[in-house]
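Read the structure below first, then the notes.
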Amino acid sequence: MSTVEKYDENPATPARFTDPGVPEHHPRRGDLDPRQNKKSERIVLGLFALSTLGTLGFLVAYFALPVGGSPEGIARSNLALGLGLAFALLGIGTAAIHWSKALMNNHERVEQRHVMASPPAVREAAVANLTDGVKDSSISRRGLLKSALVGSVALFPLTIAVPLIGEVGENWNVGALKHTMWRKGLKLTVDPSGRAIKASELEIGSVVHVIPEGLEETPHPLDEKAKAVVLLLRLDPADIKSEQGEGWSYEGILAFSKICTHVGCPVALAEQNTHHLLCPCHQSTFDIADGARVIFGPAKRPLPQLPITVDDEGYLVAQADFAEPIGSSFWERLR
Amino acid sequence: MSTSMTGKVAAGTADWLDSRTGIGYAVKGLARKIFPEHWSFMLGEIALYSFITLLVTGVFLTMFFVPSMNEVEYTGPWTALSGSQMSEAYASTLRLSFEVRGGLLMRQIHHWAALVFMAAIVTHMMRVFFTGAFRKPREVNWIIGFVLLTLGLAAGFSGYSLPDDVLSGNGLRIAEGITRAVPILGSYAAFFIFGGEFPGQDLIPRLFTVHILLVPGLILALVGLHLAFVFLHKHTQFPGSGRSNENVVGYPFFPIYVAKAGGFFFIVFGILALMGATMQINPIWNYGAYDPSPVSAGAQPDWYMLFLEGALRLMPGQAEVVFGDFTVPFNVIVPGMILPLLLLGPLAAYPFVESWVTGDRREHHLLDRPRNAPFRTAFGVSLLTAFVVLILAGSNDLLATHFRLSLNDITWTLRFAVFILPAVAFSVTKRVCLALQRKDRELVLHGHETGRIVRFASGEYVEVHRPLDEHERWLRVQHEPRRPLVIAPAADARGVRRPGYRADRMRQRVSELFFEDRVEPVTPAEYAAAQDHAHPALQAAHDEPAAIAAGARPEV
């Protein structure tokens, strides 16, 4: 028994007003005036006719307007087909609704509700049926059988789950997240042409989107690119306050992973005057003159810096892979 | 003659069908079933009809879309991309937009229908919430509806990602980033979804199966169940004269709602067709094929994902922490996983919380006017406010460029607003509800203002009030007053502490939070008292207008 008193049993509830009952029905104009009634019928007829015209218009547009690949052709065809379809549908819809509102009997009716719960007698019969069933199955007397049933049914989904989980993650080599294809001596090349870059061709303030040399020859170029894209910038060496490693830049040329350390968007917006990089997805802002330190937004860590130098011919090359995993954080990234 | 022919054929068919299915029972029970009428009951219909539109246009799209991440060179008519490398998914989306007649129309209708579907679900849910339609016996249907909302999000996101353009690809990369953030299992979870490293070769085919089979199959099954419950429970109705908890007042399903609801399907589909014809959406040919390097500024997800995007933008990065060797990026976990639970969890649980607080175990078929449930209404508005602040945060870059404001200032403002505004909204809404209830009392007790000022011989001015008719009055007095729970005392007459008192006391405290501030409906006794206290002269004047002319001169 609940000790809580329900408010509907509250003795203080005062007497209430009584329901005046369903308001009187008011006939529509069409119910009294046959001419009005006829007019509504003609409107419904007209709307159905409009729908048929829409369908015909659609068919004419389909056969008469080739798309042909030109933007104007596509736009024209899309508009004509769409308007035809819209009229075909709206005609039917408005006709049906006007019919129901203006011409169908609109007397409100009252229906009684019934409680959802089944009556006690039905409940008792239901419980009796279940009890009989349990008795017939003799399951309550055969404990071993019960365990065997539960055990085998619980185990069999493994036949689907094990191969699914085994195969769905390819080789499950999550360690691959910690490395990119950058290695000592690999040339920095322009995205997407793949042209190698000489340190001498970069002016102060210039920004280049970079991919590693030989990216297209790898088995899965997009997977590699998703980790290895780099943003290359040249600052006035005097402006550089700090970087992530001693000698990682070359004469003011700095290379940073382009993948945001927040959730992995490409950090694509560079502000020349302030040396700021902005991620357009969630606005994490990095100061490249200060080791790509985060100065605003939801990222915590700086963009990893790629150590670079030049080879004998003056082309920019990597000194090594990034010193830490690029991109968004994950549990074992520091292991 | 022809009508009797048709009649014979119809009777023959009916006999054939009934002899094999016993469908007569269903037709007898359902054909003239009564449904109440209100505009807000159409919100759920909009969701249903846009879902049907999605199925129709979606089947069309699957005939041409190729769910493959194999690289191909583009040779189609869109010269801007001639010769460029792209996945078959993107190439086939271009083909169905540019070379399949009606293909672009179907794609645009499909996308608009998805946006309208989610909007209709959300507004339908608001209607159900604010009117208390989720109360017993409809809690199960509320949960089904809630699951449909989350399935709608899944359907939307998986579909949006299929064309494999730059915009959707970056969306997927964000999804990968959030998945990776899960403690311990994050990188495995990401491999599970992507079949290895991002982007891999498997994602588009997998999303395709999710988008065209798994999710729509579940939605279809649950929509069927949802509607079956609507028939079983009989629709709720708004309070009014003759409408009680024991009846349903309205029009028969056949023919009125067959015509109205059937017609409304064509209207919804028609308006979506109009949108597809005249309003461009997701022009993927401008974005280019997915490539991990480029991204466009000012990119927005579809509106129903904006709250998540906004939460990601607002969370300060300092929340990422390292324990020993292990990284726990709370800057992603909080907005990406905890916050959706905080926003959606209470929504799912609300019917159960409310029935616990009120101790009410009765069935409710008569809807609440939102003002008559101030706590619930305020709570709902407060949740919506948080949702809207996050949506604004998801568009902070557009706000900055459109209104020439500092992005950082907007972000900082919204970081505070997301906590402050819901609290403000709660308090303001509750007060507005109570004020509206007082206004109802005022109207019942003293009637409508008429604007007619009467001057009496004594020089006194009084405005004439017109009493409410019985239907107007009933609407404002029919609801039952809700009061905080009364519990038995902690100790009985002999001073023995009873068990369970603490639990009851806690429940009472919550109940006070819900119902302490309240305005109760006018009772007949109060009404009678108000009539007695009305200006005696005015009372007379009201009964006999001619008397005014004799004694005083009414002025306007």
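By order in the structure tokens, chains are A, B, ...; within a chain, residues start at 1; ligands start at 1, following the order shown.
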Using 6 Å as the limit and counting only C-alpha atoms, can you tabulate each residue of chain B that touches chain A, with its shortest atom-to-atom distance in Å and the two atoms involved, as a tab-separated table?
```
residue	atom	partner	partner_atom	distance
B:Pro77	CA	A:Gly69	CA	5.0
B:Phe98	CA	A:Gly69	CA	5.5
B:Leu105	CA	A:Asn78	CA	5.6
B:Ile174	CA	A:Val263	CA	5.3
B:Gly177	CA	A:Val263	CA	4.2
B:Arg180	CA	A:Phe330	CA	5.3
B:Ala181	CA	A:Phe330	CA	5.1
B:Pro183	CA	A:Trp331	CA	5.4
B:Ile184	CA	A:Trp331	CA	5.4
B:Phe191	CA	A:Gly169	CA	4.9
B:Phe192	CA	A:Gly169	CA	4.5
B:Gly195	CA	A:Gly169	CA	4.3
B:Gly196	CA	A:Gly169	CA	5.2
B:Phe198	CA	A:Asp223	CA	5.8
B:Pro199	CA	A:Asp223	CA	5.8
B:Ser241	CA	A:Gly21	CA	5.0
B:Gly242	CA	A:Gly21	CA	3.8
B:Glu246	CA	A:Arg113	CA	5.2
B:Asn247	CA	A:Gln112	CA	4.3
B:Val248	CA	A:Glu111	CA	5.2
B:Val249	CA	A:Val110	CA	4.5
B:Gly250	CA	A:Glu108	CA	5.1
B:Tyr251	CA	A:Glu108	CA	5.5
B:Ile256	CA	A:Ser100	CA	5.8
B:Ala259	CA	A:Ala96	CA	5.3
B:Lys260	CA	A:Ile97	CA	4.9
B:Gly263	CA	A:Gly93	CA	3.8
B:Phe264	CA	A:Gly93	CA	5.7
B:Phe266	CA	A:Gly93	CA	4.6
B:Ile267	CA	A:Gly93	CA	5.0
B:Gly270	CA	A:Ala86	CA	4.4
B:Ala273	CA	A:Ala86	CA	5.1
B:Leu274	CA	A:Ala86	CA	5.4
B:Ala277	CA	A:Gly82	CA	4.3
B:Pro292	CA	A:Ala226	CA	5.0
B:Ser293	CA	A:Pro266	CA	5.8
B:Ala297	CA	A:Pro280	CA	5.1
B:Arg313	CA	A:His282	CA	4.8
B:Met315	CA	A:Pro298	CA	5.5
B:Pro316	CA	A:Pro298	CA	4.6
B:Gly317	CA	A:Pro298	CA	3.9
B:Gln318	CA	A:Lys300	CA	5.6
B:Asp325	CA	A:Leu334	CA	5.5
B:Phe326	CA	A:Trp331	CA	5.2
B:Thr327	CA	A:Trp331	CA	4.7
B:Val486	CA	A:Glu5	CA	5.7
B:Ile487	CA	A:Val4	CA	5.0
B:Thr523	CA	A:Arg16	CA	5.7
B:Pro524	CA	A:Phe17	CA	5.9
```
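Note that DSSP on the backbone gives strand (DSSP E) to these residues of region 76-121 of chain A: Arg109, Val110, Glu111 and Gln112 of chain A.
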*Would you please give, as a PyMOL selection string, all residues of region 47-279 of chain A that DSSP assigns to helix (DSSP H, G or I) based on the backbone?*
chain A and resi 47-64+71-102+120-137+139-141+143-155+158-168+174-178+199-201+215-217+221-228+237-239
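CA of Phe416 (chain B) lies 25.4 Å from CA of Leu277 (chain A).
What separates CA of Arg476 (chain B) from CA of Asp440 (chain B) is a distance of 5.9 Å.
Closest approach to His471 (chain B) among A:Lys178, A:Glu24, A:Arg183, A:Glu271: A:Glu24, based on only C-alpha atoms.
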